[in-house]
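Asker: Below is one structure. I have some questions about it.
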Amino acid sequence: MPRDPLIALRPWESPEVTSWGRLPMSAVDRRDRALCLDGQWRFQLLPSPRHEPGPGWSWAGLPGSWALHVAEDPPRYTNVRMPWPEFPPEVPAANPTGVYEREIDIPADWTGRRIVLQVGAAESVLLVHVDGQPVGISKDSHLAAEFELTGLVRPGSPATVRLTVVKWSDASHIEDQDQWWLGGITRSVLLYATDPLYLADVTVRTRCDGELRVDCRVRSAEATGALPGGWYVSGELDGLGLVQDTEFDRVSKEDERVSDFLGEVRLRTVVPEVRTWTAETPELYGLTVRLHRADGTVADTSHHRIGFREVEIRGRDLLVNGERVYIRGVNRHDFHPLTGRTVSYEEMRADLVTLKRFGFNAIRTSHYPGDPSLYDLADELGFYVVDEANIESHDHAHEIADDPRYLNAFVDRVSRMALRDKNHPSVIIWSLGNESDYGAHHDAAAGWLRRHDPTRPIQYEGAAKLDWAATDDASDIACPMYAPIEDCVAHALSGEQTRPLIQCEYSHAMGNSNGTLADMWAAIEATPGLQGGFIWEFWDHGILQRVNDGRPAGRGGAGLYESGVTAPGHRWAYGGDFGETIHDGAFIADGVVFPDRTPKPVMYEHREIASPVRLSVEGEGSWRVLRVHNKQHFRDLSWLAAEWEFAAADGGSWTVPAQLPHVPPGGSAVVDRPEVPGGAGEIWLTLRVTTAADGSWAPRGTEVCSPQVRWYEADEGEPMVGSEGELGHVPAPETDEDGLLLHPLLAAPPTLSLWRAPTDNDVLGGMAGRWRELGLERPERETVSVERKDATVRVRSRWLTGAGAVEHEQTFTALVDGRILVEETAVLPEELTDVARVGTVFETADGFDRLAWYGQGPWESYPDRAAGAPVGHHAAAVDELFTPYLRPQESGGRHGVRHFTLSGDDHVLAVRLDRPRQVSVTRHRAEELAATAHHDELEPRPGCVVHIDAAHRGLGTASCGPDTSPSYLIPPGVHRWAWTLRAL
Ligand code: IPT
């Protein structure tokens with residue numbers, strides 16, 4: 001039996017042991033007065049906690065995850081299943097254990113003070129020794145653990161601190177979140193000292209009428225624990241003094257709640273004309289609480305940035321400051337492609353700034369509490385936070401939810417989170433965790449919360465999922481995941497709704513995804529009872545990996561990526577890339593941003609859907625007027641500036657200044673419309689809205705949204721050939737004997753395409769498998785006939801699929817102006833009910849590298865993800881059109897394209913379409929994308945692969961959740977399209 005009592009206890013297989021020697025959690029934050037022990041520590045990785053450290057130390061930087069720098073224990077990714085078979089609370093015998101050690105100098109002037117060590121976060125069991133003495137144990141990989149070192153260390157002398165981190169434990173079974181398994185100490189290690197008389201906790205309560213209540217808990221570290229006489233507490237809020245609540249003192253005395261050991265004081269004030277806190281108006285006040293000794297000197301101080309706001313559920317509405325707000329949320333994990341779960345303040349700030357700029361107003365801290373700074377930033381920048389406890393027992397959910405050995409762990413994790421974060425105005429909801437079934441432990445944790453913090457609602461998906469309308473479970477909110485929007489609407493209309501319905505996860509952002517997001521929001525905004533949800537998720541958790549040796553690049557990888565793309569010799573690793581045999585592949589790459597935080601196209605879609613300003617046209621003909629709507633809950637439009645932009649199909653685009661009207665929150669006003677020239681076909685009017693002044697999350701001039709209306713319609717389906725004269729006597733275009741067009745600038749002739757490189761949704765939703773079975777990837781083509789007549793060649797072909805033949809007809813006509821008119825028809829058999837696309841694909845000769853188009857853009861858009869890409873004249877390098885989703889798949893499409901020009905040094909290819917169509921121009925054939933697992937395996941072609949689709953299937957979100965809606969599926973039957981090609 002090992003001599004060390006911390007090891008002898010085997011705490012890694014004892015769920016009852018959540019901590020030993022750990023100090024109670026509190027909201028008093030001493031980070032600003034602490035010594036930071038981050039940096040290089042001696043390190044060794046043991047095969048199990050029962051091994052003794054040997055003489056061979058290496059170095060490790062803290063905070064950090066060892067999987068990112070130690071070859072013996074690389075990152076592993078599993079979603080639901082555990083990476084090993086042991087049943088809770090057991091763990092494998094092979095249990096990587098990191099030992100971190102260093103000397104610290106205890107400042108000489110700490111004599112007589114209380115000395116505390118804080119370890120920010122350790123995965124998953126932390127054992128602390130100082131100078132060989134056992135100090136404490138802690139579990140919960142995402143909350144800090146504090147240990148008192150007073151008496152163990154001597155001010156003025158060095159001490160050796162050893163932090164032993166055991167990777168696998170009983171706690172791993174309740175930390176089974178969908179993310180990499182890493183191991184390490186992922187947040188800062190700090191050392192601080194306080195006076196023996198100290199503020200043990202401060203609890204702030206605010207109201208929208210300016211009422212402030214501050215409860216202070218005072219303790220003494222003297223041996224007897226008794227408080228010295230005469231101490232008192234004072235407080236001030238931005239210069240406004242708080243007063244001690246003597247009524248509270250009197251009642252406490254009367255109820256015999258006062259003893260020599262418990263110092264409890266309540267301070268109060270009322271702030272006149274208070275500026276309330278909301279995510280739109282994150283108004284903060286500075287609160288300072290001081291603990292004084294009898295002589296008036298200050299023994300301890302606690303600073304807080306607080307906000308005045310109230311959360312309440314009234315009926316089926318979640319209200320912030322009395323207003324029913326929309327929750328435009330995202331799920332955020334701690335993630336960084338170089339440092340794993342260690343995320344610096346600057347990186348966290350950049351995450352939140354990005355979210356603000358793309359219209360998000362809420363964060364669920366999936367699936368564990370974030371770093372303390374995250375909440376400071378959410379308070380400051382303005383986010384509603386669902387603060388989630390670190391509990392996910394996914395693989396063994398049912399067994400654990402009622403296993404009494406785990407009861408303590410559930411309550412411990414939930415209560416410590418609330419004790420730490422209770423004073424943040426941003427935190428509006430507590431979450432009991434994720435995917436852990438529903439058992440008595442949840443009720444226990446909810447009971448603790450309801451008593452301790454009656455000011456915030458509680459949510460837990462697992463409790464509410466069986467019956468959204470129940471009123472007696474642990475969740476105050478029905479917070480399903482990936483529920484079809486029709487089900488949500490039906491529930492809201494059923495008359496049965498008892499509580500708010502806010503999806504804790506929806507619109508799974510894996511690969512090229514988030515189809516129908518705009519339709520979902522249209523339904524949410526149209527349906528009382530629906531308030532939004534949290535997109536899954538913010539990051540793609542791709543770890544930057546060196547291809548040559550398969551190692552994570554680690555901190556040395558800074559600068560080896562840009563705009564979502566890795567430098568040569570590197571790639572974004574996902575599950576399986578570090579040699580794991582049990583893993584869940586690219587399911588880890590399901591964020592709205594790339595691993596380097598480059599926004600994916602869905603971010604622009606979201607920005608538009610969440611836009612504070614909307615535009616509508618009212619009336620008919622020359623009586624038409626424009627109306628501007630303020631969709632915010634608390635602000636007017638004075639923080640915004642705008643200009644009008646016109647885009648004419650054939651007339652270019654131009655801008656004129658705009659004046660935003662004064663519109664109260666939720667209101668609208670008719671605006672003076674700019675002079676719109678008519679007559680030249682289709683004209684679109686866009687209101688380009690930007691920030692009017694520098695703000696906390698955007699400099700002046702940052703784009704906020706671009707609501708757009710069509711002012712003049714095009715004649716849809718207008719004939720491709722205007723005057724008879726264009727059909728003069730010219731020789732018909734050249735084809736080979738199979739009727740395939742021969743053209744000097746085309747490397748591959750235009751043929752029929754029914755397939756796309758499967759997206760993650762196509763694969764996991766089962767569509768890709770069906771397409772493969774039907775042979776849609778490369779159906780056999782049979783030429784039926786080739787007929788030449790005057791300027792025209794008519795080619796009939798038949799494409800054999802597992803669901804019958806697709807009849808395809810192409811008519812090539814030479815026009816006198818040099819264009820080739822291509823008219824196509826495809827007839828899909830009745831059995832072919834769900835293809836990826838029906839359209840034309842061709843390849844250009846080498847040397848084309850720029851695309852200019854009139855249609856939706858500038859970013860990628862698809863039929864069911866096209867609300868955020870305004871119609872206009874756009875241009876980009878061909879290489880930039882492609883979106884490098886981590887696993888190569890269909891990407892780079894542009895919706896609603898009317899005409900485009902591909903140009904290179906020597907040539908121009910100009911294409912006009914009969915009506916707005918889905919177009920893509922990339923360097924990759926669909927089958928090449930489908931055959932590769934990472935981008936470094938792709939060889940860009942020197943020419944371009946061009947798709948013009950008569951119809952393109954929606955993207956949906958079937959990798960986890962609903963597929964696209966039926967209106968975005970491609971029906972069997974007749975599809976017709978036409979286009980002209982001009983080569984210059
Ligand atoms: C759900 C999880 O809560 C989340 O962590 C993530 O795994 C997400 O799905 C998919 O990426 S659970 C799923 C089984 C519905």
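Order determines the names: the first chain of the structure tokens is A, the second B, and so forth; residues in each chain are numbered 1 upward, and ligands are numbered 1 upward as they are shown.
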Please, which residues of region 43-229 of chain A, numbered as in this document, come out strand (DSSP E or B) from DSSP, as a PyMOL selection string?

Answerer: chain A and resi 43-46+58-62+64-65+76-78+97-105+114-123+125-130+133-139+145-148+150+153+158-166+175+179-181+184-194+197-206+211-220

Asker: What does the file look like for those residues with C-alpha atoms, as a JSON list (two decimals), in the first residue's frame?

Answerer:
[["chain", "number", "residue", "atom", "x", "y", "z"],
["A", 43, "PHE", "CA", 7.03, 17.57, -15.17],
["A", 44, "GLN", "CA", 6.80, 13.84, -15.57],
["A", 45, "LEU", "CA", 4.08, 11.64, -16.92],
["A", 46, "LEU", "CA", 3.59, 8.44, -14.94],
["A", 58, "SER", "CA", 11.22, 17.29, -18.06],
["A", 59, "TRP", "CA", 9.52, 20.68, -18.30],
["A", 60, "ALA", "CA", 5.94, 21.66, -18.95],
["A", 61, "GLY", "CA", 4.43, 25.10, -19.34],
["A", 62, "LEU", "CA", 1.40, 25.88, -17.22],
["A", 64, "GLY", "CA", -1.54, 23.65, -20.51],
["A", 65, "SER", "CA", -2.71, 20.20, -21.54],
["A", 76, "ARG", "CA", -8.20, 11.46, -28.17],
["A", 77, "TYR", "CA", -11.68, 12.35, -29.29],
["A", 78, "THR", "CA", -14.88, 10.59, -28.39],
["A", 97, "THR", "CA", -0.78, 10.85, -14.38],
["A", 98, "GLY", "CA", 1.06, 14.13, -14.71],
["A", 99, "VAL", "CA", 3.22, 15.35, -11.87],
["A", 100, "TYR", "CA", 4.02, 19.07, -11.88],
["A", 101, "GLU", "CA", 6.47, 20.44, -9.37],
["A", 102, "ARG", "CA", 8.24, 23.70, -8.64],
["A", 103, "GLU", "CA", 9.70, 25.79, -5.86],
["A", 104, "ILE", "CA", 7.91, 28.93, -4.86],
["A", 105, "ASP", "CA", 9.27, 31.78, -2.77],
["A", 114, "ARG", "CA", -3.42, 33.62, 5.59],
["A", 115, "ILE", "CA", -1.84, 31.99, 2.51],
["A", 116, "VAL", "CA", -3.93, 30.33, -0.18],
["A", 117, "LEU", "CA", -3.00, 28.30, -3.28],
["A", 118, "GLN", "CA", -5.45, 28.33, -6.18],
["A", 119, "VAL", "CA", -5.33, 25.82, -9.04],
["A", 120, "GLY", "CA", -7.56, 27.14, -11.82],
["A", 121, "ALA", "CA", -8.62, 23.83, -13.38],
["A", 122, "ALA", "CA", -7.15, 20.30, -13.44],
["A", 123, "GLU", "CA", -8.30, 17.29, -15.49],
["A", 125, "VAL", "CA", -8.33, 14.69, -10.18],
["A", 126, "LEU", "CA", -5.91, 17.03, -8.49],
["A", 127, "LEU", "CA", -3.72, 15.98, -5.57],
["A", 128, "VAL", "CA", -1.74, 18.72, -3.86],
["A", 129, "HIS", "CA", 1.41, 18.30, -1.82],
["A", 130, "VAL", "CA", 3.61, 21.01, -0.32],
["A", 133, "GLN", "CA", 2.99, 17.02, 2.98],
["A", 134, "PRO", "CA", -0.48, 16.11, 1.71],
["A", 135, "VAL", "CA", -2.57, 19.28, 1.37],
["A", 136, "GLY", "CA", -5.70, 18.38, -0.52],
["A", 137, "ILE", "CA", -7.70, 16.75, -3.27],
["A", 138, "SER", "CA", -10.11, 18.25, -5.75],
["A", 139, "LYS", "CA", -12.31, 17.12, -8.61],
["A", 145, "ALA", "CA", -9.70, 24.59, -6.20],
["A", 146, "GLU", "CA", -8.23, 26.52, -3.29],
["A", 147, "PHE", "CA", -6.13, 25.18, -0.44],
["A", 148, "GLU", "CA", -4.90, 26.97, 2.64],
["A", 150, "THR", "CA", -0.85, 28.92, 6.17],
["A", 153, "VAL", "CA", 4.87, 27.24, 4.37],
["A", 158, "PRO", "CA", 10.96, 28.60, -0.43],
["A", 159, "ALA", "CA", 8.45, 25.76, -0.57],
["A", 160, "THR", "CA", 8.06, 22.91, -3.05],
["A", 161, "VAL", "CA", 4.59, 22.59, -4.52],
["A", 162, "ARG", "CA", 3.65, 19.36, -6.25],
["A", 163, "LEU", "CA", 0.44, 19.10, -8.25],
["A", 164, "THR", "CA", -0.41, 15.56, -9.30],
["A", 165, "VAL", "CA", -3.09, 15.28, -11.95],
["A", 166, "VAL", "CA", -4.71, 11.90, -12.55],
["A", 175, "GLU", "CA", -17.08, 14.61, -17.66],
["A", 179, "GLN", "CA", -14.64, 16.98, -26.91],
["A", 180, "TRP", "CA", -10.97, 15.95, -26.88],
["A", 181, "TRP", "CA", -9.64, 14.11, -23.84],
["A", 184, "GLY", "CA", -3.42, 18.74, -17.56],
["A", 185, "ILE", "CA", -3.84, 21.97, -15.66],
["A", 186, "THR", "CA", -5.68, 24.22, -18.03],
["A", 187, "ARG", "CA", -6.14, 27.43, -16.08],
["A", 188, "SER", "CA", -3.72, 29.55, -14.04],
["A", 189, "VAL", "CA", -2.13, 28.57, -10.74],
["A", 190, "LEU", "CA", -2.11, 31.41, -8.21],
["A", 191, "LEU", "CA", -0.89, 32.11, -4.72],
["A", 192, "TYR", "CA", -2.28, 34.89, -2.56],
["A", 193, "ALA", "CA", -2.41, 36.07, 1.01],
["A", 194, "THR", "CA", -5.17, 37.69, 3.02],
["A", 197, "LEU", "CA", -9.75, 38.60, 9.14],
["A", 198, "TYR", "CA", -11.15, 38.25, 5.64],
["A", 199, "LEU", "CA", -14.17, 38.48, 3.39],
["A", 200, "ALA", "CA", -15.20, 34.89, 2.80],
["A", 201, "ASP", "CA", -17.99, 35.72, 0.36],
["A", 202, "VAL", "CA", -19.99, 38.58, -1.10],
["A", 203, "THR", "CA", -23.43, 38.13, -2.64],
["A", 204, "VAL", "CA", -24.93, 40.89, -4.72],
["A", 205, "ARG", "CA", -28.63, 41.29, -5.51],
["A", 206, "THR", "CA", -29.91, 44.06, -7.74],
["A", 211, "GLU", "CA", -32.12, 48.71, -5.31],
["A", 212, "LEU", "CA", -28.83, 47.07, -4.35],
["A", 213, "ARG", "CA", -28.30, 44.54, -1.59],
["A", 214, "VAL", "CA", -24.87, 43.18, -0.71],
["A", 215, "ASP", "CA", -24.52, 40.30, 1.73],
["A", 216, "CYS", "CA", -21.04, 39.93, 3.18],
["A", 217, "ARG", "CA", -19.69, 36.95, 4.98],
["A", 218, "VAL", "CA", -16.72, 37.58, 7.24],
["A", 219, "ARG", "CA", -14.46, 34.91, 8.68],
["A", 220, "SER", "CA", -11.37, 34.68, 10.79]]

Asker: To check your reading of the model: which residues sit at most 7 Å from ligand 1 when counting only C-alpha atoms and all ligand atoms? Write the answer as a compact mmCIF listing (two decimals) with N, CA, C and O atoms, in the first residue's frame.

Answerer:
# COMPACT_ATOMS: atom_id res chain seq x y z
N ASN A 79 -17.17 11.23 -28.57
CA ASN A 79 -18.37 12.01 -28.26
C ASN A 79 -19.11 11.35 -27.10
O ASN A 79 -18.80 11.56 -25.95
N VAL A 80 -20.05 10.48 -27.41
CA VAL A 80 -20.87 9.88 -26.37
C VAL A 80 -20.10 8.81 -25.59
O VAL A 80 -20.05 8.81 -24.37
N GLN A 177 -18.01 14.79 -21.91
CA GLN A 177 -18.49 15.75 -22.91
C GLN A 177 -17.93 15.42 -24.29
O GLN A 177 -16.91 14.74 -24.40
N ASP A 178 -18.62 15.95 -25.28
CA ASP A 178 -18.23 15.75 -26.67
C ASP A 178 -17.03 16.65 -26.98
O ASP A 178 -17.20 17.76 -27.48
N ASN A 434 -25.36 18.52 -18.87
CA ASN A 434 -25.78 18.09 -20.21
C ASN A 434 -25.87 16.57 -20.28
O ASN A 434 -25.07 15.86 -19.66
N GLU A 435 -26.85 16.06 -20.99
CA GLU A 435 -26.90 14.65 -21.39
C GLU A 435 -26.54 13.67 -20.28
O GLU A 435 -25.64 12.85 -20.43
N MET A 481 -33.03 19.70 -27.49
CA MET A 481 -31.95 19.85 -28.47
C MET A 481 -32.39 19.30 -29.82
O MET A 481 -32.99 18.24 -29.90
N HIS A 508 -27.09 22.34 -36.04
CA HIS A 508 -25.76 21.72 -35.89
C HIS A 508 -24.82 22.19 -37.01
O HIS A 508 -25.06 21.93 -38.18
N TRP A 536 -25.45 24.91 -32.11
CA TRP A 536 -24.32 24.02 -31.79
C TRP A 536 -23.32 24.13 -32.92
O TRP A 536 -23.63 23.72 -34.03
N PHE A 587 -16.85 14.69 -36.14
CA PHE A 587 -17.97 15.23 -35.35
C PHE A 587 -17.49 16.31 -34.37
O PHE A 587 -18.29 17.07 -33.82
N ILE A 588 -16.20 16.39 -34.19
CA ILE A 588 -15.60 17.41 -33.32
C ILE A 588 -15.50 18.75 -34.06
O ILE A 588 -15.21 19.78 -33.48
N ASP A 590 -17.67 21.01 -35.64
CA ASP A 590 -19.07 21.38 -35.89
C ASP A 590 -19.38 22.77 -35.37
O ASP A 590 -20.39 23.00 -34.71
N CYS A 960 -26.86 16.09 -37.12
CA CYS A 960 -27.41 15.96 -35.76
C CYS A 960 -28.63 16.86 -35.71
O CYS A 960 -28.54 18.03 -35.39

Asker: Need the shell around Gly804 (chain A): protein/DNA/RNA residues with any atom at most 12 Å away, counting only C-alpha atoms. Skip same-chain ones fewer than 6 positions apart. Format as a list in words?

Answerer: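 Selected residues are Leu774, Gly775, Leu776, Pro779, Glu780, Arg798, Val827, Leu828, Pro829, Glu830, Glu831, Leu832, Thr833 and Pro972 of chain A.
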
Asker: Enumerate, as a VMD selection string, the complete set of residues in region 370-544 of chain A that a backbone-based DSSP assignment places in helix (DSSP H, G or I).

Answerer: chain A and resid 372 to 381 394 to 401 404 to 421 440 to 452 461 to 464 485 to 493 517 to 526

Asker: Would you mind listing what lies within 7 Å of Phe634 (chain A) as a PyMOL selection string, with only C-alpha atoms counted and same-chain residues fewer than 2 positions away left out?

Answerer: chain A and resi 280+632+665

Asker: Just C-alpha atoms for this one: save the residues we selected as an mmCIF file, in the first residue's frame.

Answerer:
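selection30.cif, written as the output of this step:
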data_model
loop_
_atom_site.group_PDB
_atom_site.id
_atom_site.type_symbol
_atom_site.label_atom_id
_atom_site.label_comp_id
_atom_site.auth_asym_id
_atom_site.auth_seq_id
_atom_site.Cartn_x
_atom_site.Cartn_y
_atom_site.Cartn_z
ATOM 1 C CA GLU A 280 -27.821 45.338 -25.568
ATOM 2 C CA GLN A 632 -34.010 45.358 -30.573
ATOM 3 C CA PRO A 665 -37.204 49.364 -29.487
#

Asker: Could you check the closest approach to Leu37 (chain A) for each of A:Ile106, A:Met25, A:Val617, A:Leu752 and tell me which residue wins, using only C-alpha atoms?

Answerer: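 Among A:Ile106, A:Met25, A:Val617, A:Leu752, it is A:Ile106 that comes nearest to Leu37 (chain A).
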
Asker: Rank nothing, just name the residue among A:Val945, A:Ile363, A:Val547, A:Met82 nearest to Asp395 (chain A), using only C-alpha atoms.

Answerer: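 Closest candidate: A:Met82.
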
Asker: I'd like the neighbourhood of Trp277 (chain A) as an MDAnalysis selection string, where a residue qualifies if any of its atoms comes within 7 Å (using only C-alpha atoms), though same-chain residues fewer than 3 positions away should be ignored.

Answerer: chainID A and resid 281:284 307:309

Asker: Any idea what the distance is between CA of Glu16 (chain A) and CA of Asn408 (chain A)?

Answerer: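 Calculated distance between CA of Glu16 (chain A) and CA of Asn408 (chain A) is 6.4 Å.
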
Asker: Report as JSON, numbers by chain all protein, DNA and RNA residues lying within 9 Å of region 883-892 of chain A, evaluated on only C-alpha atoms, omitting residues in the same chain fewer than 4 positions from it.

Answerer: {"A": [510, 511, 512, 540, 542, 564, 565, 571, 572, 573, 574, 586, 589, 594, 600, 601, 756, 757, 758, 759, 760, 859, 860, 861, 919, 920, 921, 922, 926, 928, 929, 930, 931, 932, 933, 934, 935, 938]}

Asker: Between A:Leu318, A:Leu338, A:Val489, A:Ala144, which has the minimum distance to Ile477 (chain A) (counting only C-alpha atoms)?

Answerer: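 Looking at the shortest contact to Ile477 (chain A), the residue is A:Leu318.
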
Asker: Go through A:Val806, A:Trp755, A:Phe646, A:Leu615 one by one, measure the shortest atom-to-atom distance of each to Leu660 (chain A) using only C-alpha atoms, and give the residue with the smallest value.

Answerer: A:Leu615

Asker: List the spatial neighbours of Glu782 (chain A) as a PDB file with N, CA and C atoms, in the first residue's frame - criterion: any atom at most 12 Å away, only C-alpha atoms, same-chain residues fewer than 3 positions off excluded.

Answerer:
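Result written to part.pdb:
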ATOM      1  N   GLU A 737     -18.635  12.943 -81.583  1.00  0.00           N
ATOM      2  CA  GLU A 737     -19.718  12.092 -82.088  1.00  0.00           C
ATOM      3  C   GLU A 737     -20.730  11.726 -81.003  1.00  0.00           C
ATOM      4  N   ASP A 738     -20.322  11.885 -79.726  1.00  0.00           N
ATOM      5  CA  ASP A 738     -21.268  11.634 -78.636  1.00  0.00           C
ATOM      6  C   ASP A 738     -22.092  12.864 -78.282  1.00  0.00           C
ATOM      7  N   GLY A 739     -21.825  13.933 -79.032  1.00  0.00           N
ATOM      8  CA  GLY A 739     -22.593  15.147 -78.750  1.00  0.00           C
ATOM      9  C   GLY A 739     -22.013  15.983 -77.620  1.00  0.00           C
ATOM     10  N   LEU A 740     -20.781  15.727 -77.244  1.00  0.00           N
ATOM     11  CA  LEU A 740     -20.161  16.533 -76.180  1.00  0.00           C
ATOM     12  C   LEU A 740     -19.524  17.761 -76.809  1.00  0.00           C
ATOM     13  N   THR A 751     -21.661  18.643 -69.009  1.00  0.00           N
ATOM     14  CA  THR A 751     -22.467  17.425 -68.938  1.00  0.00           C
ATOM     15  C   THR A 751     -23.399  17.529 -67.745  1.00  0.00           C
ATOM     16  N   LEU A 752     -24.228  16.509 -67.620  1.00  0.00           N
ATOM     17  CA  LEU A 752     -25.211  16.512 -66.537  1.00  0.00           C
ATOM     18  C   LEU A 752     -24.539  16.163 -65.210  1.00  0.00           C
ATOM     19  N   PRO A 779     -22.970   8.251 -62.960  1.00  0.00           N
ATOM     20  CA  PRO A 779     -23.898   7.396 -63.705  1.00  0.00           C
ATOM     21  C   PRO A 779     -23.390   7.198 -65.131  1.00  0.00           C
ATOM     22  N   SER A 785     -29.034  10.394 -79.314  1.00  0.00           N
ATOM     23  CA  SER A 785     -29.015  10.967 -80.663  1.00  0.00           C
ATOM     24  C   SER A 785     -28.273  12.288 -80.679  1.00  0.00           C
ATOM     25  N   VAL A 786     -27.700  12.589 -81.821  1.00  0.00           N
ATOM     26  CA  VAL A 786     -27.065  13.889 -82.036  1.00  0.00           C
ATOM     27  C   VAL A 786     -27.619  14.425 -83.343  1.00  0.00           C
ATOM     28  N   VAL A 795     -28.633  17.265 -78.633  1.00  0.00           N
ATOM     29  CA  VAL A 795     -28.030  16.014 -78.158  1.00  0.00           C
ATOM     30  C   VAL A 795     -28.944  15.395 -77.113  1.00  0.00           C
ATOM     31  N   ARG A 796     -29.307  14.156 -77.365  1.00  0.00           N
ATOM     32  CA  ARG A 796     -30.105  13.443 -76.354  1.00  0.00           C
ATOM     33  C   ARG A 796     -29.235  12.368 -75.739  1.00  0.00           C
ATOM     34  N   SER A 797     -29.289  12.288 -74.423  1.00  0.00           N
ATOM     35  CA  SER A 797     -28.521  11.239 -73.750  1.00  0.00           C
ATOM     36  C   SER A 797     -29.366  10.646 -72.634  1.00  0.00           C
ATOM     37  N   ARG A 798     -28.876   9.522 -72.170  1.00  0.00           N
ATOM     38  CA  ARG A 798     -29.603   8.823 -71.115  1.00  0.00           C
ATOM     39  C   ARG A 798     -28.586   8.470 -70.040  1.00  0.00           C
ATOM     40  N   TRP A 799     -28.922   8.770 -68.774  1.00  0.00           N
ATOM     41  CA  TRP A 799     -27.992   8.559 -67.658  1.00  0.00           C
ATOM     42  C   TRP A 799     -28.598   7.488 -66.759  1.00  0.00           C
ATOM     43  N   LEU A 800     -27.865   6.382 -66.641  1.00  0.00           N
ATOM     44  CA  LEU A 800     -28.441   5.228 -65.949  1.00  0.00           C
ATOM     45  C   LEU A 800     -28.148   5.288 -64.451  1.00  0.00           C
ATOM     46  N   THR A 801     -29.207   5.266 -63.662  1.00  0.00           N
ATOM     47  CA  THR A 801     -29.046   5.245 -62.203  1.00  0.00           C
ATOM     48  C   THR A 801     -29.778   4.023 -61.665  1.00  0.00           C
ATOM     49  N   ALA A 805     -33.521   5.576 -65.566  1.00  0.00           N
ATOM     50  CA  ALA A 805     -32.707   6.454 -66.404  1.00  0.00           C
ATOM     51  C   ALA A 805     -33.183   7.901 -66.324  1.00  0.00           C
ATOM     52  N   VAL A 806     -32.206   8.795 -66.315  1.00  0.00           N
ATOM     53  CA  VAL A 806     -32.503  10.228 -66.420  1.00  0.00           C
ATOM     54  C   VAL A 806     -32.315  10.602 -67.887  1.00  0.00           C
ATOM     55  N   GLU A 807     -33.376  11.135 -68.487  1.00  0.00           N
ATOM     56  CA  GLU A 807     -33.280  11.561 -69.884  1.00  0.00           C
ATOM     57  C   GLU A 807     -32.764  12.994 -69.898  1.00  0.00           C
ATOM     58  N   HIS A 808     -31.714  13.218 -70.648  1.00  0.00           N
ATOM     59  CA  HIS A 808     -31.100  14.550 -70.667  1.00  0.00           C
ATOM     60  C   HIS A 808     -31.016  15.042 -72.107  1.00  0.00           C
ATOM     61  N   GLU A 809     -31.373  16.282 -72.302  1.00  0.00           N
ATOM     62  CA  GLU A 809     -31.276  16.859 -73.639  1.00  0.00           C
ATOM     63  C   GLU A 809     -30.540  18.186 -73.555  1.00  0.00           C
TER      64      GLU A 809
END

Asker: Check the smallest atom-to-atom distance from each of A:Trp12, A:Arg912, A:Val414, A:Ser393 to Arg81 (chain A) using only C-alpha atoms, then report the winner.

Answerer: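 Under the stated criterion, the closest residue is A:Ser393.
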
Asker: Would you mind telling me which residue in A:Ala27, A:Leu544, A:Leu687, A:Ala826 lies nearest to His424 (chain A) when using only C-alpha atoms?

Answerer: A:Ala27

Asker: Which value, in Å to one decimal, gives the distance between CA of Asp636 (chain A) and CA of Leu501 (chain A)?

Answerer: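 Computing the Euclidean distance for CA of Asp636 (chain A) and CA of Leu501 (chain A) yields 27.2 Å.
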
Asker: Using CA of His336 (chain A) and CA of Ala67 (chain A) as the two end points, give the distance in Å to one decimal.

Answerer: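 We find that CA of His336 (chain A) and CA of Ala67 (chain A) lie 13.4 Å from each other.
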